Amino acid sequence: MRRWLRRSSPEPEQHDVHPAVPVLADWDEHGIIGTIGSGPSAGATVVAHPYWTSTGALDIYELELWDGPDEVRDATGRLVISDLATDDRVPGEEGGLIDALTREVDVTWWTDRERIDAFWAVHWDPPNAPQR
């Protein structure tokens with residue numbers, strides 16, 4: 001009989017909660033949008049898309065680099081995230097990838113509802129566009 005050793009998965013890197021990241025309760029059902037402020041990707045747009053469980057709790061969120069390169073690097077060239085990175089830590093409660101991204105490249109998350117709605121109106125396929 002062969003014995004299988006259990007491999008433990010590595011603990012995710014811990015990050016401090018960043019005060020500039022909106023708490024999950026302030027997110028739209030389709031997520032939040034931000035602008036990268038420093039590094040080679042400065043000016044690029046990043047979207048944090050939440051995925052919900054059947055009970056309405058956060059399952060994961062995905063960080064999508066909307067109009068920039070496939071990865072974000074800081075000013076020294078160090079990789080911060082790749083496109084479509086996911087995390088299951090709750091924004092505003094547990095420090096996660098969104099906090100690290102915000103800290104490392106100075107992301108400014110949008111809070112103006114009109115600006116967010118205008119972004120989705122332009123960038124979302126109209127049949128699937130968020131309904132307000």
# chains A, B, ... in the order shown; residues from 1 in each chain; ligands from 1

$ residues_around --residues "A:Ile32" --least-positions-apart "2" --cutoff "12 Å" --atoms "only C-alpha atoms" --output "PyMOL selection string"
chain A and resi 21-30+34-35+45-50+61-64+91+98+107-113+115-117+119-120

$ atom_distance --atom1 "atom CA of A:Trp124" --atom2 "atom CA of A:Asp83"
17.9 Å

$ select_by_dssp --residues "stretch 6-120 of chain A" --states "strand (DSSP E or B)" --output "ChimeraX atom specification"
/A:28,31-35,45-52,58-65,71-73,79-82,85-87,108-109

$ write_last_selection --atoms "N, CA and C atoms" --output "CSV table (one decimal), in the first residue's frame"
chain,number,residue,atom,x,y,z
A,28,ASP,N,-19.7,48.2,-5.6
A,28,ASP,CA,-20.8,47.9,-6.5
A,28,ASP,C,-20.9,46.4,-6.7
A,31,GLY,N,-18.1,45.5,-8.8
A,31,GLY,CA,-16.7,45.8,-8.3
A,31,GLY,C,-16.4,47.2,-8.2
A,32,ILE,N,-15.1,47.5,-8.1
A,32,ILE,CA,-14.6,48.9,-8.1
A,32,ILE,C,-13.6,49.1,-9.1
A,33,ILE,N,-13.3,50.3,-9.4
A,33,ILE,CA,-12.4,50.7,-10.5
A,33,ILE,C,-11.4,51.7,-9.9
A,34,GLY,N,-10.1,51.5,-10.4
A,34,GLY,CA,-9.1,52.4,-9.9
A,34,GLY,C,-8.1,52.8,-11.0
A,35,THR,N,-7.3,53.8,-10.7
A,35,THR,CA,-6.3,54.3,-11.6
A,35,THR,C,-4.9,54.1,-10.9
A,45,THR,N,-5.9,51.6,-16.0
A,45,THR,CA,-7.1,51.3,-15.2
A,45,THR,C,-7.1,49.9,-14.7
A,46,VAL,N,-7.5,49.7,-13.4
A,46,VAL,CA,-7.6,48.3,-12.8
A,46,VAL,C,-9.0,48.2,-12.3
A,47,VAL,N,-9.6,47.0,-12.5
A,47,VAL,CA,-10.9,46.7,-12.0
A,47,VAL,C,-10.8,45.5,-11.0
A,48,ALA,N,-11.5,45.7,-9.9
A,48,ALA,CA,-11.6,44.6,-8.9
A,48,ALA,C,-13.0,44.1,-9.0
A,49,HIS,N,-13.1,42.9,-9.6
A,49,HIS,CA,-14.4,42.2,-9.9
A,49,HIS,C,-14.7,41.2,-8.7
A,50,PRO,N,-15.8,41.4,-8.0
A,50,PRO,CA,-16.1,40.4,-7.0
A,50,PRO,C,-16.9,39.2,-7.6
A,51,TYR,N,-16.7,38.0,-7.0
A,51,TYR,CA,-17.5,36.9,-7.3
A,51,TYR,C,-18.2,36.4,-6.0
A,52,TRP,N,-19.5,36.3,-6.1
A,52,TRP,CA,-20.3,36.0,-4.9
A,52,TRP,C,-20.7,34.6,-4.8
A,58,LEU,N,-18.8,37.1,-0.3
A,58,LEU,CA,-17.7,37.2,-1.2
A,58,LEU,C,-17.0,35.8,-1.3
A,59,ASP,N,-16.9,35.3,-2.5
A,59,ASP,CA,-16.1,34.1,-2.7
A,59,ASP,C,-14.7,34.5,-3.0
A,60,ILE,N,-14.4,35.3,-4.1
A,60,ILE,CA,-13.1,35.8,-4.4
A,60,ILE,C,-13.3,37.1,-5.1
A,61,TYR,N,-12.3,37.9,-5.3
A,61,TYR,CA,-12.3,39.0,-6.2
A,61,TYR,C,-11.1,38.8,-7.2
A,62,GLU,N,-11.3,39.4,-8.3
A,62,GLU,CA,-10.3,39.3,-9.4
A,62,GLU,C,-9.8,40.7,-9.7
A,63,LEU,N,-8.5,40.9,-9.8
A,63,LEU,CA,-7.9,42.2,-10.3
A,63,LEU,C,-7.6,42.1,-11.8
A,64,GLU,N,-8.3,42.9,-12.5
A,64,GLU,CA,-8.1,42.9,-14.0
A,64,GLU,C,-7.5,44.2,-14.4
A,65,LEU,N,-6.4,44.0,-15.2
A,65,LEU,CA,-5.8,45.2,-15.7
A,65,LEU,C,-6.5,45.5,-17.0
A,71,GLU,N,0.9,42.9,-16.7
A,71,GLU,CA,1.4,42.8,-15.3
A,71,GLU,C,1.7,44.2,-14.9
A,72,VAL,N,1.7,44.4,-13.5
A,72,VAL,CA,2.0,45.7,-13.0
A,72,VAL,C,3.3,45.6,-12.2
A,73,ARG,N,4.2,46.5,-12.5
A,73,ARG,CA,5.5,46.5,-11.8
A,73,ARG,C,5.6,47.9,-11.1
A,79,LEU,N,7.8,42.9,-9.9
A,79,LEU,CA,6.4,42.5,-10.2
A,79,LEU,C,5.5,42.7,-9.0
A,80,VAL,N,4.4,43.4,-9.1
A,80,VAL,CA,3.4,43.6,-8.1
A,80,VAL,C,2.3,42.6,-8.3
A,81,ILE,N,1.6,42.6,-9.4
A,81,ILE,CA,0.6,41.6,-9.8
A,81,ILE,C,0.6,41.3,-11.2
A,82,SER,N,0.0,40.2,-11.6
A,82,SER,CA,-0.3,39.9,-13.0
A,82,SER,C,-1.7,40.0,-13.3
A,85,ALA,N,-5.3,38.4,-11.4
A,85,ALA,CA,-4.9,37.8,-10.1
A,85,ALA,C,-6.2,37.7,-9.2
A,86,THR,N,-6.3,36.7,-8.4
A,86,THR,CA,-7.5,36.5,-7.5
A,86,THR,C,-7.1,36.4,-6.1
A,87,ASP,N,-8.0,36.8,-5.2
A,87,ASP,CA,-7.8,36.7,-3.8
A,87,ASP,C,-9.1,36.4,-3.1
A,108,THR,N,-5.6,54.9,-7.0
A,108,THR,CA,-6.7,55.7,-6.5
A,108,THR,C,-8.0,55.0,-6.9
A,109,TRP,N,-8.8,54.5,-6.0
A,109,TRP,CA,-10.0,53.9,-6.3
A,109,TRP,C,-11.1,54.9,-6.4

$ select_by_dssp --residues "chain A" --states "helix (DSSP H, G or I)" --output "number ranges by chain"
A: 24-26, 97-105, 113-123, 126-128

$ atom_distance --atom1 "atom CA of A:Glu104" --atom2 "atom CA of A:Asp67"
18.6 Å
